[in-house]
Every structure is written in C-alpha cells, then in structure tokens.
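Peer 1: If it helps, the file is called target_17.pdb and holds PDB, C-alpha atoms:
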MODEL        1
ATOM      1  CA  MET A   1       0.000   0.000   0.000  1.00  0.00           C
ATOM      2  CA  SER A   2       1.168   3.531  -0.818  1.00  0.00           C
ATOM      3  CA  HIS A   3      -0.151   6.909   0.194  1.00  0.00           C
ATOM      4  CA  SER A   4      -2.167   8.689  -2.468  1.00  0.00           C
ATOM      5  CA  PRO A   5      -0.152  10.918  -4.834  1.00  0.00           C
ATOM      6  CA  LEU A   6      -3.086  13.361  -4.677  1.00  0.00           C
ATOM      7  CA  SER A   7      -2.959  15.953  -1.951  1.00  0.00           C
ATOM      8  CA  SER A   8      -4.909  16.184   0.950  1.00  0.00           C
ATOM      9  CA  GLN A   9     -29.273   6.290  -9.701  1.00  0.00           C
ATOM     10  CA  ASP A  10     -31.289   8.775 -10.826  1.00  0.00           C
ATOM     11  CA  PRO A  11     -32.835   8.978 -14.358  1.00  0.00           C
ATOM     12  CA  GLY A  12     -30.360  10.535 -16.777  1.00  0.00           C
ATOM     13  CA  SER A  13     -27.349   9.365 -14.811  1.00  0.00           C
ATOM     14  CA  SER A  14     -24.216   8.779 -16.853  1.00  0.00           C
ATOM     15  CA  THR A  15     -23.069   6.078 -14.469  1.00  0.00           C
ATOM     16  CA  GLU A  16     -23.116   2.564 -15.874  1.00  0.00           C
ATOM     17  CA  MET A  17     -23.806   0.008 -13.150  1.00  0.00           C
ATOM     18  CA  SER A  18     -22.923  -3.597 -13.739  1.00  0.00           C
ATOM     19  CA  ALA A  19     -23.251  -6.937 -12.093  1.00  0.00           C
ATOM     20  CA  ILE A  20     -19.920  -8.659 -11.654  1.00  0.00           C
ATOM     21  CA  THR A  21     -20.611 -11.391 -14.195  1.00  0.00           C
ATOM     22  CA  GLY A  22     -19.688 -10.457 -17.740  1.00  0.00           C
ATOM     23  CA  LEU A  23     -18.318  -7.039 -16.830  1.00  0.00           C
ATOM     24  CA  SER A  24     -15.371  -7.128 -19.218  1.00  0.00           C
ATOM     25  CA  ASP A  25     -17.575  -8.295 -22.081  1.00  0.00           C
ATOM     26  CA  THR A  26     -20.296  -5.685 -21.716  1.00  0.00           C
ATOM     27  CA  LEU A  27     -18.332  -2.546 -20.855  1.00  0.00           C
ATOM     28  CA  PRO A  28     -15.736  -1.779 -23.536  1.00  0.00           C
ATOM     29  CA  SER A  29     -12.589   0.227 -22.955  1.00  0.00           C
ATOM     30  CA  GLY A  30     -12.785   3.692 -24.502  1.00  0.00           C
ATOM     31  CA  THR A  31     -10.127   6.194 -25.479  1.00  0.00           C
ATOM     32  CA  ALA A  32     -11.038   8.654 -22.710  1.00  0.00           C
ATOM     33  CA  PRO A  33     -10.232   7.343 -19.224  1.00  0.00           C
ATOM     34  CA  ALA A  34     -13.155   5.943 -17.271  1.00  0.00           C
ATOM     35  CA  LEU A  35     -13.575   5.915 -13.519  1.00  0.00           C
ATOM     36  CA  TRP A  36     -14.551   2.610 -11.922  1.00  0.00           C
ATOM     37  CA  LEU A  37     -16.187   2.742  -8.485  1.00  0.00           C
ATOM     38  CA  VAL A  38     -16.098  -0.412  -6.371  1.00  0.00           C
ATOM     39  CA  ARG A  39     -17.631  -0.926  -2.970  1.00  0.00           C
ATOM     40  CA  HIS A  40     -15.628  -3.147  -0.625  1.00  0.00           C
ATOM     41  CA  GLY A  41     -16.590  -6.797  -0.187  1.00  0.00           C
ATOM     42  CA  GLU A  42     -18.721  -8.058   2.668  1.00  0.00           C
ATOM     43  CA  SER A  43     -17.234  -7.220   6.063  1.00  0.00           C
ATOM     44  CA  THR A  44     -17.595  -8.829   9.459  1.00  0.00           C
ATOM     45  CA  TRP A  45     -19.717  -5.879  10.600  1.00  0.00           C
ATOM     46  CA  ASN A  46     -21.920  -6.075   7.493  1.00  0.00           C
ATOM     47  CA  THR A  47     -22.917  -9.593   8.483  1.00  0.00           C
ATOM     48  CA  VAL A  48     -24.157  -8.491  11.914  1.00  0.00           C
ATOM     49  CA  GLY A  49     -25.677  -5.197  10.810  1.00  0.00           C
ATOM     50  CA  LEU A  50     -23.386  -2.772  12.651  1.00  0.00           C
ATOM     51  CA  ALA A  51     -22.793   0.806  11.544  1.00  0.00           C
ATOM     52  CA  GLN A  52     -19.166   1.061  10.415  1.00  0.00           C
ATOM     53  CA  GLY A  53     -18.290   4.622   9.427  1.00  0.00           C
ATOM     54  CA  HIS A  54     -14.650   5.376  10.224  1.00  0.00           C
ATOM     55  CA  ASN A  55     -14.351   2.503  12.684  1.00  0.00           C
ATOM     56  CA  ASP A  56     -11.580   0.237  11.428  1.00  0.00           C
ATOM     57  CA  GLN A  57     -12.232  -2.975  13.344  1.00  0.00           C
ATOM     58  CA  ALA A  58     -14.190  -4.718  10.585  1.00  0.00           C
ATOM     59  CA  GLU A  59     -12.406  -6.825   8.005  1.00  0.00           C
ATOM     60  CA  LEU A  60     -13.539  -8.845   5.034  1.00  0.00           C
ATOM     61  CA  THR A  61     -15.289 -12.148   5.579  1.00  0.00           C
ATOM     62  CA  SER A  62     -14.374 -15.176   3.458  1.00  0.00           C
ATOM     63  CA  ARG A  63     -17.384 -14.301   1.309  1.00  0.00           C
ATOM     64  CA  GLY A  64     -16.146 -10.714   1.050  1.00  0.00           C
ATOM     65  CA  LEU A  65     -12.755 -11.921  -0.157  1.00  0.00           C
ATOM     66  CA  ARG A  66     -14.462 -14.058  -2.810  1.00  0.00           C
ATOM     67  CA  GLN A  67     -16.537 -11.083  -3.900  1.00  0.00           C
ATOM     68  CA  ALA A  68     -13.387  -8.984  -4.218  1.00  0.00           C
ATOM     69  CA  ALA A  69     -11.671 -11.703  -6.248  1.00  0.00           C
ATOM     70  CA  GLU A  70     -14.650 -12.061  -8.602  1.00  0.00           C
ATOM     71  CA  ALA A  71     -14.835  -8.304  -9.120  1.00  0.00           C
ATOM     72  CA  ALA A  72     -11.107  -7.904  -9.659  1.00  0.00           C
ATOM     73  CA  GLU A  73     -10.873 -10.788 -12.105  1.00  0.00           C
ATOM     74  CA  GLN A  74     -13.140  -8.924 -14.518  1.00  0.00           C
ATOM     75  CA  PHE A  75     -10.431  -6.266 -14.823  1.00  0.00           C
ATOM     76  CA  ARG A  76      -7.682  -8.662 -15.875  1.00  0.00           C
ATOM     77  CA  GLY A  77      -6.203  -7.383 -19.114  1.00  0.00           C
ATOM     78  CA  ARG A  78      -7.979  -4.029 -18.895  1.00  0.00           C
ATOM     79  CA  ALA A  79      -5.850  -0.882 -19.155  1.00  0.00           C
ATOM     80  CA  VAL A  80      -5.865   0.625 -15.663  1.00  0.00           C
ATOM     81  CA  ARG A  81      -3.423   3.334 -14.674  1.00  0.00           C
ATOM     82  CA  THR A  82      -4.024   3.595 -10.934  1.00  0.00           C
ATOM     83  CA  ILE A  83      -5.948   2.079  -8.039  1.00  0.00           C
ATOM     84  CA  TYR A  84      -7.049   4.354  -5.214  1.00  0.00           C
ATOM     85  CA  ALA A  85      -8.723   3.175  -2.029  1.00  0.00           C
ATOM     86  CA  SER A  86     -10.068   4.390   1.254  1.00  0.00           C
ATOM     87  CA  ASP A  87      -7.492   3.873   3.991  1.00  0.00           C
ATOM     88  CA  LEU A  88      -9.935   1.777   6.044  1.00  0.00           C
ATOM     89  CA  ARG A  89      -9.145  -1.922   6.332  1.00  0.00           C
ATOM     90  CA  ARG A  90     -12.186  -3.337   4.553  1.00  0.00           C
ATOM     91  CA  ALA A  91     -11.520  -1.179   1.481  1.00  0.00           C
ATOM     92  CA  LEU A  92      -7.771  -1.811   1.496  1.00  0.00           C
ATOM     93  CA  GLN A  93      -8.302  -5.577   1.676  1.00  0.00           C
ATOM     94  CA  THR A  94     -10.601  -5.370  -1.338  1.00  0.00           C
ATOM     95  CA  ALA A  95      -8.227  -3.086  -3.236  1.00  0.00           C
ATOM     96  CA  ALA A  96      -5.270  -5.387  -2.540  1.00  0.00           C
ATOM     97  CA  VAL A  97      -6.984  -8.090  -4.565  1.00  0.00           C
ATOM     98  CA  PHE A  98      -7.358  -5.660  -7.469  1.00  0.00           C
ATOM     99  CA  GLY A  99      -3.711  -4.695  -7.119  1.00  0.00           C
ATOM    100  CA  LYS A 100      -2.631  -8.308  -7.365  1.00  0.00           C
ATOM    101  CA  VAL A 101      -4.704  -8.935 -10.494  1.00  0.00           C
ATOM    102  CA  LEU A 102      -3.586  -5.708 -12.186  1.00  0.00           C
ATOM    103  CA  ASN A 103      -0.014  -5.745 -10.865  1.00  0.00           C
ATOM    104  CA  LEU A 104      -0.440  -2.214  -9.543  1.00  0.00           C
ATOM    105  CA  PRO A 105       0.134  -0.566  -6.156  1.00  0.00           C
ATOM    106  CA  VAL A 106      -2.829   0.700  -4.174  1.00  0.00           C
ATOM    107  CA  PHE A 107      -2.780   4.366  -3.159  1.00  0.00           C
ATOM    108  CA  ALA A 108      -4.681   4.978   0.083  1.00  0.00           C
ATOM    109  CA  ASP A 109      -6.485   8.266   0.604  1.00  0.00           C
ATOM    110  CA  ALA A 110      -8.506   9.210   3.694  1.00  0.00           C
ATOM    111  CA  ARG A 111     -10.851  11.358   1.591  1.00  0.00           C
ATOM    112  CA  LEU A 112     -12.345   8.126   0.262  1.00  0.00           C
ATOM    113  CA  ARG A 113     -13.445   6.948   3.717  1.00  0.00           C
ATOM    114  CA  GLU A 114     -17.050   6.190   4.533  1.00  0.00           C
ATOM    115  CA  ARG A 115     -19.083   8.893   6.251  1.00  0.00           C
ATOM    116  CA  SER A 116     -18.107   9.187   9.903  1.00  0.00           C
ATOM    117  CA  LEU A 117     -21.034   8.303  12.143  1.00  0.00           C
ATOM    118  CA  GLY A 118     -19.333   9.373  15.358  1.00  0.00           C
ATOM    119  CA  VAL A 119     -20.928   7.907  18.472  1.00  0.00           C
ATOM    120  CA  LEU A 120     -23.197   5.701  16.335  1.00  0.00           C
ATOM    121  CA  GLU A 121     -20.359   3.548  15.034  1.00  0.00           C
ATOM    122  CA  GLY A 122     -20.596   0.004  16.324  1.00  0.00           C
ATOM    123  CA  THR A 123     -24.334   0.240  17.003  1.00  0.00           C
ATOM    124  CA  ALA A 124     -27.051  -1.635  15.112  1.00  0.00           C
ATOM    125  CA  SER A 125     -27.724   0.131  11.809  1.00  0.00           C
ATOM    126  CA  ALA A 126     -31.407  -0.786  11.928  1.00  0.00           C
ATOM    127  CA  ALA A 127     -31.820   1.040  15.239  1.00  0.00           C
ATOM    128  CA  ILE A 128     -30.412   4.363  14.006  1.00  0.00           C
ATOM    129  CA  SER A 129     -33.098   6.994  13.488  1.00  0.00           C
ATOM    130  CA  PRO A 130     -33.280   9.047  10.263  1.00  0.00           C
ATOM    131  CA  SER A 131     -33.396  12.111  12.502  1.00  0.00           C
ATOM    132  CA  VAL A 132     -29.684  11.697  13.247  1.00  0.00           C
ATOM    133  CA  THR A 133     -28.531  10.550   9.806  1.00  0.00           C
ATOM    134  CA  GLY A 134     -30.542  12.871   7.565  1.00  0.00           C
ATOM    135  CA  LEU A 135     -31.501   9.879   5.404  1.00  0.00           C
ATOM    136  CA  HIS A 136     -35.066   8.738   4.824  1.00  0.00           C
ATOM    137  CA  ALA A 137     -36.825   6.524   2.251  1.00  0.00           C
ATOM    138  CA  ASP A 138     -33.685   6.106   0.113  1.00  0.00           C
ATOM    139  CA  ARG A 139     -33.230   9.881  -0.154  1.00  0.00           C
ATOM    140  CA  VAL A 140     -31.099  12.546   1.493  1.00  0.00           C
ATOM    141  CA  ALA A 141     -33.740  14.263   3.601  1.00  0.00           C
ATOM    142  CA  ASP A 142     -31.389  16.677   5.385  1.00  0.00           C
ATOM    143  CA  PRO A 143     -27.791  16.926   4.107  1.00  0.00           C
ATOM    144  CA  ASP A 144     -26.684  18.909   7.148  1.00  0.00           C
ATOM    145  CA  THR A 145     -27.792  16.544   9.904  1.00  0.00           C
ATOM    146  CA  ARG A 146     -24.718  15.320  11.743  1.00  0.00           C
ATOM    147  CA  PRO A 147     -24.506  12.593  14.413  1.00  0.00           C
ATOM    148  CA  ALA A 148     -22.542  13.563  17.515  1.00  0.00           C
ATOM    149  CA  GLY A 149     -18.867  13.356  16.646  1.00  0.00           C
ATOM    150  CA  GLY A 150     -19.629  12.466  13.017  1.00  0.00           C
ATOM    151  CA  GLU A 151     -20.128  13.954   9.569  1.00  0.00           C
ATOM    152  CA  SER A 152     -23.142  15.177   7.650  1.00  0.00           C
ATOM    153  CA  VAL A 153     -23.831  13.939   4.124  1.00  0.00           C
ATOM    154  CA  ARG A 154     -22.748  17.383   2.926  1.00  0.00           C
ATOM    155  CA  ASP A 155     -19.390  16.894   4.681  1.00  0.00           C
ATOM    156  CA  LEU A 156     -18.934  13.543   2.933  1.00  0.00           C
ATOM    157  CA  TYR A 157     -19.972  15.000  -0.438  1.00  0.00           C
ATOM    158  CA  ALA A 158     -17.474  17.861  -0.162  1.00  0.00           C
ATOM    159  CA  ARG A 159     -14.669  15.537   0.929  1.00  0.00           C
ATOM    160  CA  ALA A 160     -15.209  13.116  -1.964  1.00  0.00           C
ATOM    161  CA  ALA A 161     -15.687  15.960  -4.446  1.00  0.00           C
ATOM    162  CA  ALA A 162     -12.330  17.435  -3.429  1.00  0.00           C
ATOM    163  CA  PHE A 163     -10.692  14.095  -4.180  1.00  0.00           C
ATOM    164  CA  CYS A 164     -12.432  13.910  -7.575  1.00  0.00           C
ATOM    165  CA  ASP A 165     -11.343  17.429  -8.502  1.00  0.00           C
ATOM    166  CA  ALA A 166      -7.710  16.639  -7.677  1.00  0.00           C
ATOM    167  CA  LEU A 167      -7.898  13.346  -9.538  1.00  0.00           C
ATOM    168  CA  GLY A 168      -9.410  15.021 -12.599  1.00  0.00           C
ATOM    169  CA  ALA A 169      -6.601  17.589 -12.699  1.00  0.00           C
ATOM    170  CA  LEU A 170      -4.017  14.854 -12.342  1.00  0.00           C
ATOM    171  CA  VAL A 171      -5.480  12.717 -15.131  1.00  0.00           C
ATOM    172  CA  THR A 172      -6.217  15.612 -17.506  1.00  0.00           C
ATOM    173  CA  ASN A 173      -3.045  17.648 -17.082  1.00  0.00           C
ATOM    174  CA  GLY A 174      -0.610  15.142 -15.660  1.00  0.00           C
ATOM    175  CA  ARG A 175      -0.255  17.482 -12.707  1.00  0.00           C
ATOM    176  CA  GLU A 176      -2.266  18.225  -9.629  1.00  0.00           C
ATOM    177  CA  GLY A 177      -3.339  21.755  -8.837  1.00  0.00           C
ATOM    178  CA  HIS A 178      -0.212  22.558  -6.836  1.00  0.00           C
ATOM    179  CA  GLY A 179       2.122  20.768  -9.251  1.00  0.00           C
ATOM    180  CA  ALA A 180       2.468  17.123  -8.166  1.00  0.00           C
ATOM    181  CA  PRO A 181       3.450  15.081 -11.256  1.00  0.00           C
ATOM    182  CA  LEU A 182       1.652  11.990 -12.485  1.00  0.00           C
ATOM    183  CA  GLU A 183       3.837   8.887 -12.538  1.00  0.00           C
ATOM    184  CA  PRO A 184       4.938   8.494 -16.203  1.00  0.00           C
ATOM    185  CA  ALA A 185       4.373   4.737 -16.165  1.00  0.00           C
ATOM    186  CA  LYS A 186       0.732   5.301 -15.220  1.00  0.00           C
ATOM    187  CA  ALA A 187      -0.049   7.936 -17.860  1.00  0.00           C
ATOM    188  CA  ALA A 188      -2.732   5.937 -19.701  1.00  0.00           C
ATOM    189  CA  GLY A 189      -5.727   3.834 -18.792  1.00  0.00           C
ATOM    190  CA  ASP A 190      -8.708   3.928 -16.459  1.00  0.00           C
ATOM    191  CA  VAL A 191      -8.809   4.660 -12.738  1.00  0.00           C
ATOM    192  CA  VAL A 192     -10.247   2.302 -10.115  1.00  0.00           C
ATOM    193  CA  ILE A 193     -11.520   3.573  -6.757  1.00  0.00           C
ATOM    194  CA  VAL A 194     -12.329   1.085  -4.003  1.00  0.00           C
ATOM    195  CA  ALA A 195     -14.363   2.669  -1.248  1.00  0.00           C
ATOM    196  CA  HIS A 196     -17.662   2.450   0.628  1.00  0.00           C
ATOM    197  CA  GLY A 197     -21.369   2.671  -0.041  1.00  0.00           C
ATOM    198  CA  GLY A 198     -21.680   6.285   1.071  1.00  0.00           C
ATOM    199  CA  THR A 199     -18.570   7.378  -0.790  1.00  0.00           C
ATOM    200  CA  VAL A 200     -19.678   5.670  -3.989  1.00  0.00           C
ATOM    201  CA  ARG A 201     -23.092   7.357  -3.778  1.00  0.00           C
ATOM    202  CA  VAL A 202     -21.715  10.881  -3.373  1.00  0.00           C
ATOM    203  CA  ILE A 203     -19.068  10.477  -6.081  1.00  0.00           C
ATOM    204  CA  GLU A 204     -21.703   9.248  -8.524  1.00  0.00           C
ATOM    205  CA  ALA A 205     -23.981  12.156  -7.613  1.00  0.00           C
ATOM    206  CA  TYR A 206     -21.203  14.734  -7.902  1.00  0.00           C
ATOM    207  CA  LEU A 207     -20.061  13.505 -11.301  1.00  0.00           C
ATOM    208  CA  ASP A 208     -23.660  13.315 -12.511  1.00  0.00           C
ATOM    209  CA  GLY A 209     -24.248  16.929 -11.501  1.00  0.00           C
ATOM    210  CA  VAL A 210     -26.691  16.100  -8.683  1.00  0.00           C
ATOM    211  CA  PRO A 211     -26.491  18.507  -5.711  1.00  0.00           C
ATOM    212  CA  VAL A 212     -26.240  16.905  -2.303  1.00  0.00           C
ATOM    213  CA  ASP A 213     -29.720  18.039  -1.259  1.00  0.00           C
ATOM    214  CA  GLU A 214     -31.251  16.286  -4.299  1.00  0.00           C
ATOM    215  CA  MET A 215     -29.427  12.985  -3.872  1.00  0.00           C
ATOM    216  CA  GLY A 216     -30.919   9.537  -3.688  1.00  0.00           C
ATOM    217  CA  TRP A 217     -29.538   7.047  -1.169  1.00  0.00           C
ATOM    218  CA  GLY A 218     -30.460   3.671  -2.584  1.00  0.00           C
ATOM    219  CA  PRO A 219     -28.764   0.372  -1.779  1.00  0.00           C
ATOM    220  CA  VAL A 220     -25.166  -0.248  -2.899  1.00  0.00           C
ATOM    221  CA  GLU A 221     -24.306  -3.935  -2.680  1.00  0.00           C
ATOM    222  CA  ASN A 222     -20.953  -5.257  -1.518  1.00  0.00           C
ATOM    223  CA  ALA A 223     -18.416  -5.423  -4.366  1.00  0.00           C
ATOM    224  CA  ARG A 224     -20.765  -3.593  -6.721  1.00  0.00           C
ATOM    225  CA  VAL A 225     -18.910  -2.077  -9.684  1.00  0.00           C
ATOM    226  CA  ALA A 226     -19.986   1.094 -11.519  1.00  0.00           C
ATOM    227  CA  ARG A 227     -18.320   2.724 -14.514  1.00  0.00           C
ATOM    228  CA  ILE A 228     -18.318   6.465 -15.152  1.00  0.00           C
ATOM    229  CA  PRO A 229     -17.095   7.031 -18.722  1.00  0.00           C
ATOM    230  CA  ASP A 230     -14.959  10.086 -19.541  1.00  0.00           C
ATOM    231  CA  PHE A 231     -15.239  11.349 -15.980  1.00  0.00           C
ATOM    232  CA  CYS A 232     -12.816  14.236 -16.580  1.00  0.00           C
ATOM    233  CA  THR A 233     -15.253  15.844 -19.016  1.00  0.00           C
ATOM    234  CA  GLN A 234     -18.034  15.429 -16.462  1.00  0.00           C
ATOM    235  CA  LEU A 235     -15.887  17.139 -13.823  1.00  0.00           C
ATOM    236  CA  LEU A 236     -15.638  20.265 -15.968  1.00  0.00           C
ATOM    237  CA  ARG A 237     -19.431  20.518 -15.839  1.00  0.00           C
ATOM    238  CA  THR A 238     -19.926  19.642 -12.184  1.00  0.00           C
ATOM    239  CA  GLN A 239     -17.179  21.432 -10.235  1.00  0.00           C
ATOM    240  CA  PRO A 240     -19.392  24.499  -9.519  1.00  0.00           C
ATOM    241  CA  LEU A 241     -21.508  22.208  -7.287  1.00  0.00           C
ATOM    242  CA  ARG A 242     -18.874  22.449  -4.565  1.00  0.00           C
ATOM    243  CA  THR A 243     -19.049  26.228  -4.302  1.00  0.00           C
TER     244      THR A 243
ENDMDL
END
Represent the supplied structure as structure tokens.

Peer 2:
Amino acid sequence: MSHSPLSSQDPGSSTEMSAITGLSDTLPSGTAPALWLVRHGESTWNTVGLAQGHNDQAELTSRGLRQAAEAAEQFRGRAVRTIYASDLRRALQTAAVFGKVLNLPVFADARLRERSLGVLEGTASAAISPSVTGLHADRVADPDTRPAGGESVRDLYARAAAFCDALGALVTNGREGHGAPLEPAKAAGDVVIVAHGGTVRVIEAYLDGVPVDEMGWGPVENARVARIPDFCTQLLRTQPLRT
C-alpha cells in the first residue's frame, strides 16, 4: 500500500452500473479514461448489521474476499493506470486483490473513507433513526444533519468531491493543482476507486451533476462495480456544485 499521490441512480445518470458477471464483455474500454467505483466486499460488521463509518475494526469475511476476487478478475487485461482506495481496512483488503490482479500498487487516501457516524459507530444500523442521519426513504432528507462526533452527508460530499477534482486535474493535465506530477508509467488507462457505499453514492452524484440536497440514497451492494465514462469531461461541468 502507498499513500495517495493526490494531496490532501437517478434517471439521466451517466453512471453505468454492472453486475460482476460479464463485466469485461459488456463494458468496452474507450479512449477517454473511465472511472470505476467499487464498494468493498462483505465485512464482518456487514454480516451483523453494525454501523461502520470510520471505525476500522471490521475486516472482510471469506465471502467478502471471494466477492473482491470475482470483481477484480473482470479487470484482468484491462488498461488501468491507478488504483485508489479508502485507507480503512475493509476497502484496502478489497483493493489489494485488485492490485494483485492488475499488478499495480494501491494508493490509500482518507478522503475516500465512509461517512463518519461518530458515536453511532458500532451500534445496530437498523436502530439508528433518520433524525440523526438525515436519510429517509432512500433519499437525502437533510444533508446537514450530523450525528454527535460524526459527519453530515454534505461533509462527505465535499470531501469526496475534493478528491475527484484533484484526480481530474491529475489525469487531464498530468499534474495536480499545486504541481504534483503523475507517474509516467501510469499515464494511460482507467482509474479504479475502491471505497464504501456512502462514498460511492456521493461520487456518482457529484459527477452526474446532482447537488447533495437532491441525492438519492439507494442500496449499494458489496463489491458492486460502476463505470463512469470520460469522468474528466463530467468534472468540468460539475465542479461548480462544490461552491
């Protein structure tokens, strides 16, 4: 694992969601780099229904490791320049499988973490009230609601959007905003991000031009893969959302 070289579905969505089976056959490689979003495999806390957030005790189950392997295998032979991952264990374990298949290092970045749930982490997810999460009926009901010691959905959205903006500059120009160079050996191909359900949702919304207060919050299955084609072009249209 390396540290990141970047500094610290609604109708009309341009995101292509795919089941694991047949991924490489149904989603062709294009000339413009695509962004692939992968949720981590099943974790030990997923199986017992505990809220995870930034808590780093959970790790992948044997089923989660199989899910990661099945997802990663679909990328064998695909041109991928870089793998980024949340620095939480469950995401890093999933990303490591991708790294082995693609023979690439994994760059960890804390901006790709799940939403922090503060004092709610480690409690039963089913018992958490929408009044403290701001989520209701698969929608973002209040993007500014924040559990004690945790983050709001708006906080998560801004954090992930900042990562996307830096990544877009790096891929488009070969340099980050403040001048960090792109590794020459990784100057072509797609980008894979391995993260969490919340992170995947906000990145998809941001790149689709959906403001945080209009977001859906539908299910994101373990090891689900989504492709965002030509994401750099989409960033040029969506960056004003952060202001």

Peer 1: CA of Thr61 (chain A) and CA of Val48 (chain A) are how many Å apart?

Peer 2: 11.5 Å

Peer 1: Between CA of Ala58 (chain A) and CA of Leu35 (chain A), what is the spacing in Å?

Peer 2: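 We find that CA of Leu35 (chain A) and CA of Ala58 (chain A) lie 26.4 Å from each other.
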
Peer 1: Given the file above and the PyMOL selection byres ((chain A and resi 51) around 12), which residues are selected, and can you give them as a PyMOL selection string?

Peer 2: chain A and resi 43-50+52-58+114-128+133+197-198

Peer 1: Could you tell me how far CA of Arg78 (chain A) sits from CA of Arg39 (chain A), in Å to one decimal place?

Peer 2: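 Distance between the two atoms: 18.9 Å.
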
Peer 1: Here's the selection I'm unsure about, the PyMOL selection byres ((chain A and resi 73) around 9); applied to the file above, which residues does it give, as an NGL selection string?

Peer 2: :A and (68-72 or 74-76 or 97-98 or 101-102)

Peer 1: Which of these, A:Leu170, A:Leu156, A:Ala205, A:Ile193, has the shortest distance to Arg224 (chain A) once you count all atoms listed in the file?

Peer 2: A:Ile193

Peer 1: With the file shown as input, list the residues that the PyMOL selection byres ((chain A and resi 163) around 9) selects, as an MDAnalysis selection string.

Peer 2: chainID A and resid 6:8 109 111:112 158:162 164:168

Peer 1: For Val194 (chain A), please output as an NGL selection string all residues within 8 Å (counting all atoms listed in the file; exclusion window: fewer than 4 positions along the same chain).

Peer 2: :A and (37-40 or 83-86 or 91-92 or 94-95)

Peer 1: Using only C-alpha atoms, what residues lie at most 12 Å away from (-29.8, 15.2, 3.2) (file coordinates), given as a PyMOL selection string?

Peer 2: chain A and resi 130-146+151-157+202+211-217

Peer 1: Please determine, counting only C-alpha atoms, which residue among A:Pro33, A:Glu221, A:Ala169, A:Glu42 has the shortest atom-to-atom distance to Gln67 (chain A).

Peer 2: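 Of the candidates, the smallest distance to Gln67 (chain A) is held by A:Glu42.
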
Peer 1: From the set A:Leu104, A:Val171, A:Val225, A:Thr82, which residue has the shortest atom-to-atom contact distance to Arg201 (chain A), counting only C-alpha atoms?

Peer 2: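 Smallest separation from Arg201 (chain A) among the options: A:Val225.
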
Peer 1: Taking all atoms listed in the file into account, name the residue in A:Val191, A:Ala108, A:Ile203, A:Leu60 that is nearest to Asp230 (chain A).

Peer 2: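 Counting all atoms listed in the file, the residue closest to Asp230 (chain A) is A:Val191.
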
Peer 1: Would you mind telling me which residue in A:Asn173, A:Leu236, A:Gly41, A:Ala34 lies nearest to Ala96 (chain A) when using only C-alpha atoms?

Peer 2: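 Among the listed residues, the smallest separation from Ala96 (chain A) belongs to A:Gly41.
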